[in-house]
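Trainee: The structure that follows is given in the form of structure tokens.
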Amino acid sequence: MAVAHVQPYWDLTFDADGDPDPGQRDALLAHVGDRTDLVLFAHGWNDDVSKASALFARFYAPFPGLLADARRIRLGYAGVHWPSMRFSDEPIPDFPHTAALAEAGTDADIAALKRVLPGHDAAADRIAHLLARQPDEPGALAGFAALVRTLTGCAEPRATVLAQDVGGTDAPPALFTEDPAAMCAALAGALAAAQCRADLLGGLGGTIWSGARELLRQAAYYAMKGRAGRVGRAGLGPLLGLLAVRAPGTRVHLAGHSFGARLVSFALAGLPPEARNVASVTLLQGAFSHSAYAPGGALQGLQARVHGPVVACHSTHDQALGIFYPLMSRLSGDDRSLLGDGRWGALGHDGFHGIPGTPAMPLAAALRGVLPGGRCVSVDASAVIRAGGPPAGAHSDIYHPDLARLALHAAALL
């Protein structure tokens, strides 16, 4: 699907295992060689191609007007599609395609889950039935949690390994293995903290089942987190290696939002050692560990594979990463993370951790200064990334000219 305002543009679609659409891959490889630079942007929480393409168009729209020298810089654009989803109660600020708000677990959400996690339609339908009825009989929550694990595969050892950003165990998170009532109660408390549900002021049954809805959301996102890493490492990384061979003069600039930031980061892990074409990385509200690039992290030292900077934008207004990501970590056994200083906090909430000498600065200063190559840089974009209601807060508020300017500044194209 063509993206308005920018040309040339290519779509790159990957399946859940990281296999690219061969026609799209070949079209890019055949024609990108006359470009001095190529920007690839990976979406985060989306559930169809048209929505993702609209997001790409919105993100790229300011780029042509910001380029320092359009005659010298021949910039190409690509949108990285991968099978992910966004729940219906998570609006994108000021985005015209946002549907009316609904509780997580609606028919639209169940249909989206069936698309991105196929093969368990009966479990998905039973989940929808339980969310609609909210039964209070003993065993109902345990049955619900078992269905969620079946639908998402989150209790499988392979899923656990794929979702890890730092060293840990092969055991699935407690969120999916411990007492369902306790887990749902903890999630309901987080929803109350985020002021997400008016019905949390009601009886215990409503509170618990609001937590059950959140259990479904978090399980789906846990599966998507693992998938993003797999698509990056097994799909985008090798494709970047092909680009280095077929278009050796083209500098590549990676950008990603949410789990898309994890995807492009893990592409560095799948990049062939001889490839030297990645010139910058811009991570917008990255939904993965702030320690992933630090010693002991899954991406330890991979910033050195990038000629320019690896920039992480973060915002204190991101409730998805500031409240629910640490809660997931606490329920995985790291109690410190809720205090904001734990090893398992989110990159998009407070920037890089555990990397000595990492520059940290507000967005305005980053746009004025020099961003060092081969290093991680934390950029506090709270002044810009601030709009959006619960449960995600400002997590998707990334479509601002200053953020486009930052990506081009990191790419040394301003």
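Labeling convention for the structure tokens: chains A, B, ... as they appear, residues from 1 per chain, ligands from 1 in order of appearance.
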Which residues are near Glu214 of chain A? Cut-off 10 Å, only C-alpha atoms, ignore same chain within fewer than 5 positions. Put them as a list in words.

Mentor: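 What passes the distance filter is Glu103, Ala104, Gly105, Met183, Cys184, Ala186, Leu187, Ala188, Ala190, Leu191, Ile208, Trp209, Ala219, Ala220, Phe324 and Pro391 of chain A.
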
Trainee: Name the residues in contact with Met224 of chain A at a cut-off of 10 Å, using only C-alpha atoms, excluding same-chain residues fewer than 4 positions from it; report them as an NGL selection string.

Mentor: :A and (16 or 44-45 or 82-85 or 116-117 or 152 or 154 or 159 or 162-163 or 218-220 or 228-230 or 259-260)

Trainee: Deliver the residues from the most recent selection as a file, using N, CA, C and O atoms, as a PDB file, in the first residue's frame.

Mentor:
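The result, stored in out10.pdb:
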```
ATOM      1  N   ALA A  16       4.778 -14.420  11.182  1.00  0.00           N
ATOM      2  CA  ALA A  16       5.107 -14.573  12.596  1.00  0.00           C
ATOM      3  C   ALA A  16       6.455 -15.226  12.821  1.00  0.00           C
ATOM      4  O   ALA A  16       7.057 -15.074  13.897  1.00  0.00           O
ATOM      5  N   GLY A  44       4.073  -0.768  16.106  1.00  0.00           N
ATOM      6  CA  GLY A  44       3.955  -1.504  17.353  1.00  0.00           C
ATOM      7  C   GLY A  44       2.645  -2.244  17.433  1.00  0.00           C
ATOM      8  O   GLY A  44       2.488  -3.317  16.862  1.00  0.00           O
ATOM      9  N   TRP A  45       1.651  -1.652  18.101  1.00  0.00           N
ATOM     10  CA  TRP A  45       0.381  -2.330  18.357  1.00  0.00           C
ATOM     11  C   TRP A  45      -0.606  -2.007  17.243  1.00  0.00           C
ATOM     12  O   TRP A  45      -1.251  -0.973  17.243  1.00  0.00           O
ATOM     13  N   TRP A  82       4.233  -6.449  10.521  1.00  0.00           N
ATOM     14  CA  TRP A  82       4.360  -7.765  11.154  1.00  0.00           C
ATOM     15  C   TRP A  82       3.066  -8.042  11.916  1.00  0.00           C
ATOM     16  O   TRP A  82       2.342  -7.122  12.280  1.00  0.00           O
ATOM     17  N   PRO A  83       2.716  -9.301  12.152  1.00  0.00           N
ATOM     18  CA  PRO A  83       1.399  -9.626  12.734  1.00  0.00           C
ATOM     19  C   PRO A  83       1.337  -9.320  14.218  1.00  0.00           C
ATOM     20  O   PRO A  83       1.749 -10.095  15.069  1.00  0.00           O
ATOM     21  N   SER A  84       0.818  -8.148  14.550  1.00  0.00           N
ATOM     22  CA  SER A  84       0.626  -7.710  15.921  1.00  0.00           C
ATOM     23  C   SER A  84      -0.795  -7.191  16.057  1.00  0.00           C
ATOM     24  O   SER A  84      -1.600  -7.319  15.133  1.00  0.00           O
ATOM     25  N   MET A  85      -1.120  -6.595  17.208  1.00  0.00           N
ATOM     26  CA  MET A  85      -2.483  -6.096  17.368  1.00  0.00           C
ATOM     27  C   MET A  85      -2.519  -5.003  18.430  1.00  0.00           C
ATOM     28  O   MET A  85      -1.612  -4.862  19.242  1.00  0.00           O
ATOM     29  N   VAL A 116      -4.223 -12.790  14.786  1.00  0.00           N
ATOM     30  CA  VAL A 116      -2.785 -12.755  15.072  1.00  0.00           C
ATOM     31  C   VAL A 116      -2.303 -13.984  15.833  1.00  0.00           C
ATOM     32  O   VAL A 116      -1.106 -14.265  15.861  1.00  0.00           O
ATOM     33  N   LEU A 117      -3.240 -14.723  16.470  1.00  0.00           N
ATOM     34  CA  LEU A 117      -2.898 -15.946  17.197  1.00  0.00           C
ATOM     35  C   LEU A 117      -3.839 -17.055  16.738  1.00  0.00           C
ATOM     36  O   LEU A 117      -4.710 -17.513  17.482  1.00  0.00           O
ATOM     37  N   THR A 152      -2.735 -17.854  23.806  1.00  0.00           N
ATOM     38  CA  THR A 152      -1.520 -17.077  23.548  1.00  0.00           C
ATOM     39  C   THR A 152      -0.250 -17.903  23.553  1.00  0.00           C
ATOM     40  O   THR A 152       0.792 -17.439  23.068  1.00  0.00           O
ATOM     41  N   CYS A 154       1.530 -18.498  26.081  1.00  0.00           N
ATOM     42  CA  CYS A 154       2.490 -17.794  26.931  1.00  0.00           C
ATOM     43  C   CYS A 154       3.185 -18.696  27.940  1.00  0.00           C
ATOM     44  O   CYS A 154       4.230 -18.323  28.469  1.00  0.00           O
ATOM     45  N   ALA A 159       8.090 -19.574  24.140  1.00  0.00           N
ATOM     46  CA  ALA A 159       7.556 -18.224  24.215  1.00  0.00           C
ATOM     47  C   ALA A 159       8.278 -17.428  25.294  1.00  0.00           C
ATOM     48  O   ALA A 159       8.554 -16.234  25.130  1.00  0.00           O
ATOM     49  N   LEU A 162      11.761 -16.346  23.997  1.00  0.00           N
ATOM     50  CA  LEU A 162      11.656 -15.313  22.977  1.00  0.00           C
ATOM     51  C   LEU A 162      11.350 -13.948  23.569  1.00  0.00           C
ATOM     52  O   LEU A 162      11.729 -12.923  23.013  1.00  0.00           O
ATOM     53  N   ALA A 163      10.652 -13.921  24.702  1.00  0.00           N
ATOM     54  CA  ALA A 163      10.245 -12.652  25.291  1.00  0.00           C
ATOM     55  C   ALA A 163      11.264 -12.083  26.260  1.00  0.00           C
ATOM     56  O   ALA A 163      11.068 -10.991  26.780  1.00  0.00           O
ATOM     57  N   GLN A 218      -2.418  -8.511  28.689  1.00  0.00           N
ATOM     58  CA  GLN A 218      -1.003  -8.700  28.980  1.00  0.00           C
ATOM     59  C   GLN A 218      -0.470 -10.001  28.402  1.00  0.00           C
ATOM     60  O   GLN A 218       0.680 -10.061  27.959  1.00  0.00           O
ATOM     61  N   ALA A 219      -1.286 -11.044  28.399  1.00  0.00           N
ATOM     62  CA  ALA A 219      -0.858 -12.305  27.791  1.00  0.00           C
ATOM     63  C   ALA A 219      -0.648 -12.142  26.288  1.00  0.00           C
ATOM     64  O   ALA A 219       0.321 -12.649  25.716  1.00  0.00           O
ATOM     65  N   ALA A 220      -1.576 -11.420  25.645  1.00  0.00           N
ATOM     66  CA  ALA A 220      -1.423 -11.182  24.209  1.00  0.00           C
ATOM     67  C   ALA A 220      -0.167 -10.362  23.927  1.00  0.00           C
ATOM     68  O   ALA A 220       0.580 -10.644  22.988  1.00  0.00           O
ATOM     69  N   ALA A 228       7.935 -10.035  18.199  1.00  0.00           N
ATOM     70  CA  ALA A 228       8.712  -8.905  17.678  1.00  0.00           C
ATOM     71  C   ALA A 228      10.197  -9.241  17.640  1.00  0.00           C
ATOM     72  O   ALA A 228      10.894  -8.936  16.664  1.00  0.00           O
ATOM     73  N   GLY A 229      10.703  -9.875  18.699  1.00  0.00           N
ATOM     74  CA  GLY A 229      12.108 -10.264  18.697  1.00  0.00           C
ATOM     75  C   GLY A 229      12.427 -11.279  17.631  1.00  0.00           C
ATOM     76  O   GLY A 229      13.467 -11.204  16.967  1.00  0.00           O
ATOM     77  N   ARG A 230      11.533 -12.242  17.455  1.00  0.00           N
ATOM     78  CA  ARG A 230      11.761 -13.271  16.436  1.00  0.00           C
ATOM     79  C   ARG A 230      11.756 -12.677  15.033  1.00  0.00           C
ATOM     80  O   ARG A 230      12.623 -13.008  14.198  1.00  0.00           O
ATOM     81  N   PHE A 259       6.579  -2.328  20.494  1.00  0.00           N
ATOM     82  CA  PHE A 259       7.226  -3.582  20.169  1.00  0.00           C
ATOM     83  C   PHE A 259       7.959  -3.498  18.831  1.00  0.00           C
ATOM     84  O   PHE A 259       8.851  -4.308  18.552  1.00  0.00           O
ATOM     85  N   GLY A 260       7.606  -2.530  17.990  1.00  0.00           N
ATOM     86  CA  GLY A 260       8.380  -2.302  16.777  1.00  0.00           C
ATOM     87  C   GLY A 260       9.790  -1.844  17.096  1.00  0.00           C
ATOM     88  O   GLY A 260      10.733  -2.124  16.345  1.00  0.00           O
TER      89      GLY A 260
END
```

Trainee: If you count only C-alpha atoms, which residues fall within 7 Å of segment 345-356 of chain A, apart from same-chain ones fewer than 2 positions away, as a PyMOL selection string?

Mentor: chain A and resi 284-291+294+312-316+318+321-322+325-326+337+340+342-343+358+378

Trainee: If you run DSSP on the backbone, which residues of segment 232-311 of chain A are strand (DSSP E), as a PDB file with all heavy atoms, in the first residue's frame?

Mentor:
```pdb
ATOM      1  N   ARG A 251      22.802   3.873   3.127  1.00  0.00           N
ATOM      2  CA  ARG A 251      22.798   3.846   4.591  1.00  0.00           C
ATOM      3  C   ARG A 251      21.383   3.553   5.077  1.00  0.00           C
ATOM      4  O   ARG A 251      20.412   4.100   4.555  1.00  0.00           O
ATOM      5  CB  ARG A 251      23.271   5.180   5.163  1.00  0.00           C
ATOM      6  CG  ARG A 251      24.642   5.616   4.690  1.00  0.00           C
ATOM      7  CD  ARG A 251      25.145   6.811   5.486  1.00  0.00           C
ATOM      8  NE  ARG A 251      24.105   7.806   5.737  1.00  0.00           N
ATOM      9  CZ  ARG A 251      24.089   8.623   6.792  1.00  0.00           C
ATOM     10  NH1 ARG A 251      25.044   8.543   7.709  1.00  0.00           N
ATOM     11  NH2 ARG A 251      23.128   9.520   6.940  1.00  0.00           N
ATOM     12  N   VAL A 252      21.283   2.696   6.079  1.00  0.00           N
ATOM     13  CA  VAL A 252      19.981   2.269   6.597  1.00  0.00           C
ATOM     14  C   VAL A 252      19.752   2.895   7.964  1.00  0.00           C
ATOM     15  O   VAL A 252      20.631   2.880   8.835  1.00  0.00           O
ATOM     16  CB  VAL A 252      19.919   0.733   6.704  1.00  0.00           C
ATOM     17  CG1 VAL A 252      18.619   0.304   7.383  1.00  0.00           C
ATOM     18  CG2 VAL A 252      20.031   0.105   5.320  1.00  0.00           C
ATOM     19  N   HIS A 253      18.549   3.438   8.155  1.00  0.00           N
ATOM     20  CA  HIS A 253      18.160   4.049   9.419  1.00  0.00           C
ATOM     21  C   HIS A 253      16.916   3.316   9.923  1.00  0.00           C
ATOM     22  O   HIS A 253      15.878   3.313   9.258  1.00  0.00           O
ATOM     23  CB  HIS A 253      17.863   5.532   9.229  1.00  0.00           C
ATOM     24  CG  HIS A 253      18.968   6.254   8.526  1.00  0.00           C
ATOM     25  ND1 HIS A 253      20.149   6.597   9.135  1.00  0.00           N
ATOM     26  CD2 HIS A 253      19.085   6.659   7.220  1.00  0.00           C
ATOM     27  CE1 HIS A 253      20.939   7.204   8.265  1.00  0.00           C
ATOM     28  NE2 HIS A 253      20.318   7.247   7.094  1.00  0.00           N
ATOM     29  N   LEU A 254      17.025   2.698  11.085  1.00  0.00           N
ATOM     30  CA  LEU A 254      15.930   1.927  11.656  1.00  0.00           C
ATOM     31  C   LEU A 254      15.164   2.765  12.668  1.00  0.00           C
ATOM     32  O   LEU A 254      15.755   3.518  13.442  1.00  0.00           O
ATOM     33  CB  LEU A 254      16.474   0.675  12.354  1.00  0.00           C
ATOM     34  CG  LEU A 254      17.296  -0.278  11.489  1.00  0.00           C
ATOM     35  CD1 LEU A 254      17.832  -1.430  12.335  1.00  0.00           C
ATOM     36  CD2 LEU A 254      16.465  -0.813  10.325  1.00  0.00           C
ATOM     37  N   ALA A 255      13.852   2.630  12.653  1.00  0.00           N
ATOM     38  CA  ALA A 255      13.002   3.290  13.627  1.00  0.00           C
ATOM     39  C   ALA A 255      11.859   2.344  13.966  1.00  0.00           C
ATOM     40  O   ALA A 255      11.414   1.559  13.131  1.00  0.00           O
ATOM     41  CB  ALA A 255      12.455   4.611  13.093  1.00  0.00           C
ATOM     42  N   GLY A 256      11.408   2.411  15.206  1.00  0.00           N
ATOM     43  CA  GLY A 256      10.308   1.549  15.608  1.00  0.00           C
ATOM     44  C   GLY A 256       9.585   2.103  16.809  1.00  0.00           C
ATOM     45  O   GLY A 256      10.161   2.829  17.625  1.00  0.00           O
ATOM     46  N   HIS A 257       8.308   1.756  16.902  1.00  0.00           N
ATOM     47  CA  HIS A 257       7.464   2.196  18.016  1.00  0.00           C
ATOM     48  C   HIS A 257       7.036   0.993  18.833  1.00  0.00           C
ATOM     49  O   HIS A 257       6.649  -0.037  18.282  1.00  0.00           O
ATOM     50  CB  HIS A 257       6.220   2.924  17.485  1.00  0.00           C
ATOM     51  CG  HIS A 257       5.179   3.154  18.537  1.00  0.00           C
ATOM     52  ND1 HIS A 257       3.875   2.711  18.397  1.00  0.00           N
ATOM     53  CD2 HIS A 257       5.247   3.765  19.755  1.00  0.00           C
ATOM     54  CE1 HIS A 257       3.188   3.051  19.478  1.00  0.00           C
ATOM     55  NE2 HIS A 257       3.990   3.687  20.317  1.00  0.00           N
ATOM     56  N   VAL A 278      23.932  -0.223   8.805  1.00  0.00           N
ATOM     57  CA  VAL A 278      22.989   0.431   9.716  1.00  0.00           C
ATOM     58  C   VAL A 278      23.658   1.678  10.280  1.00  0.00           C
ATOM     59  O   VAL A 278      24.678   1.609  10.969  1.00  0.00           O
ATOM     60  CB  VAL A 278      22.550  -0.507  10.844  1.00  0.00           C
ATOM     61  CG1 VAL A 278      21.606   0.228  11.797  1.00  0.00           C
ATOM     62  CG2 VAL A 278      21.845  -1.735  10.262  1.00  0.00           C
ATOM     63  N   ALA A 279      23.059   2.835   9.983  1.00  0.00           N
ATOM     64  CA  ALA A 279      23.676   4.118  10.330  1.00  0.00           C
ATOM     65  C   ALA A 279      23.039   4.784  11.534  1.00  0.00           C
ATOM     66  O   ALA A 279      23.662   5.648  12.157  1.00  0.00           O
ATOM     67  CB  ALA A 279      23.614   5.064   9.128  1.00  0.00           C
ATOM     68  N   SER A 280      21.808   4.437  11.890  1.00  0.00           N
ATOM     69  CA  SER A 280      21.163   5.016  13.074  1.00  0.00           C
ATOM     70  C   SER A 280      19.962   4.174  13.454  1.00  0.00           C
ATOM     71  O   SER A 280      19.404   3.440  12.623  1.00  0.00           O
ATOM     72  CB  SER A 280      20.734   6.468  12.827  1.00  0.00           C
ATOM     73  OG  SER A 280      19.651   6.540  11.918  1.00  0.00           O
ATOM     74  N   VAL A 281      19.577   4.282  14.732  1.00  0.00           N
ATOM     75  CA  VAL A 281      18.390   3.595  15.245  1.00  0.00           C
ATOM     76  C   VAL A 281      17.650   4.576  16.146  1.00  0.00           C
ATOM     77  O   VAL A 281      18.242   5.177  17.042  1.00  0.00           O
ATOM     78  CB  VAL A 281      18.762   2.327  16.042  1.00  0.00           C
ATOM     79  CG1 VAL A 281      17.500   1.664  16.588  1.00  0.00           C
ATOM     80  CG2 VAL A 281      19.552   1.346  15.191  1.00  0.00           C
ATOM     81  N   THR A 282      16.341   4.730  15.912  1.00  0.00           N
ATOM     82  CA  THR A 282      15.503   5.593  16.744  1.00  0.00           C
ATOM     83  C   THR A 282      14.374   4.754  17.320  1.00  0.00           C
ATOM     84  O   THR A 282      13.569   4.185  16.579  1.00  0.00           O
ATOM     85  CB  THR A 282      14.919   6.764  15.933  1.00  0.00           C
ATOM     86  OG1 THR A 282      15.991   7.518  15.355  1.00  0.00           O
ATOM     87  CG2 THR A 282      14.092   7.676  16.822  1.00  0.00           C
ATOM     88  N   LEU A 283      14.327   4.671  18.647  1.00  0.00           N
ATOM     89  CA  LEU A 283      13.367   3.830  19.356  1.00  0.00           C
ATOM     90  C   LEU A 283      12.350   4.722  20.054  1.00  0.00           C
ATOM     91  O   LEU A 283      12.708   5.496  20.947  1.00  0.00           O
ATOM     92  CB  LEU A 283      14.099   2.948  20.373  1.00  0.00           C
ATOM     93  CG  LEU A 283      15.277   2.142  19.810  1.00  0.00           C
ATOM     94  CD1 LEU A 283      16.019   1.420  20.928  1.00  0.00           C
ATOM     95  CD2 LEU A 283      14.802   1.157  18.751  1.00  0.00           C
ATOM     96  N   LEU A 284      11.094   4.618  19.647  1.00  0.00           N
ATOM     97  CA  LEU A 284      10.025   5.460  20.179  1.00  0.00           C
ATOM     98  C   LEU A 284       9.165   4.642  21.133  1.00  0.00           C
ATOM     99  O   LEU A 284       8.498   3.700  20.720  1.00  0.00           O
ATOM    100  CB  LEU A 284       9.177   6.023  19.041  1.00  0.00           C
ATOM    101  CG  LEU A 284       9.943   6.857  17.998  1.00  0.00           C
ATOM    102  CD1 LEU A 284       9.062   7.134  16.790  1.00  0.00           C
ATOM    103  CD2 LEU A 284      10.430   8.158  18.611  1.00  0.00           C
ATOM    104  N   VAL A 310      22.100   5.090  18.830  1.00  0.00           N
ATOM    105  CA  VAL A 310      20.868   4.358  19.116  1.00  0.00           C
ATOM    106  C   VAL A 310      20.104   5.210  20.120  1.00  0.00           C
ATOM    107  O   VAL A 310      20.485   5.307  21.289  1.00  0.00           O
ATOM    108  CB  VAL A 310      21.151   2.961  19.691  1.00  0.00           C
ATOM    109  CG1 VAL A 310      19.843   2.257  20.046  1.00  0.00           C
ATOM    110  CG2 VAL A 310      21.943   2.128  18.693  1.00  0.00           C
ATOM    111  N   VAL A 311      19.060   5.870  19.659  1.00  0.00           N
ATOM    112  CA  VAL A 311      18.342   6.867  20.449  1.00  0.00           C
ATOM    113  C   VAL A 311      17.050   6.264  20.981  1.00  0.00           C
ATOM    114  O   VAL A 311      16.262   5.706  20.215  1.00  0.00           O
ATOM    115  CB  VAL A 311      18.020   8.112  19.605  1.00  0.00           C
ATOM    116  CG1 VAL A 311      17.199   9.110  20.404  1.00  0.00           C
ATOM    117  CG2 VAL A 311      19.305   8.755  19.102  1.00  0.00           C
TER     118      VAL A 311
END
```

Trainee: Hey, which of A:Ala410, A:Ala392, A:Val32, A:Ile398 ends up closest to Val370 of chain A? Count only C-alpha atoms.

Mentor: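 Nearest candidate to Val370 of chain A out of A:Ala410, A:Ala392, A:Val32, A:Ile398: A:Ala410.
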
Trainee: Check the smallest atom-to-atom distance from each of A:Ala54, A:Ala30, A:Asn277, A:Leu216 to Ile110 of chain A using only C-alpha atoms, then report the winner.

Mentor: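 Nearest candidate to Ile110 of chain A out of A:Ala54, A:Ala30, A:Asn277, A:Leu216: A:Leu216.
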
Trainee: Between atom CA of Ala360 of chain A and atom CA of Leu299 of chain A, measure the distance and give it in Å to one decimal.

Mentor: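 Answer for the atom CA of Ala360 of chain A to atom CA of Leu299 of chain A separation: 19.4 Å.
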
Trainee: Please return as a VMD selection string: the residues of segment 173-326 of chain A that backbone DSSP assigns to helix (DSSP H, G or I).

Mentor: chain A and resid 174 to 176 180 to 193 198 to 201 204 to 246 259 to 270 302 to 305 319 to 326

Trainee: Grab the atom CA of Arg217 of chain A to atom CA of Gly389 of chain A distance for me, in Å with one decimal place.

Mentor: 16.5 Å

Trainee: Find the residue from A:Gly296, A:Pro180, A:Gly235, A:Pro8 that sits nearest to Leu75 of chain A; use only C-alpha atoms when measuring.

Mentor: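 Closest candidate: A:Pro8.
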
Trainee: So, with only C-alpha atoms as the atoms that count, which of A:Ala123, A:Asp26, A:Gly232, A:Glu156 lies closest to His81 of chain A?

Mentor: A:Gly232
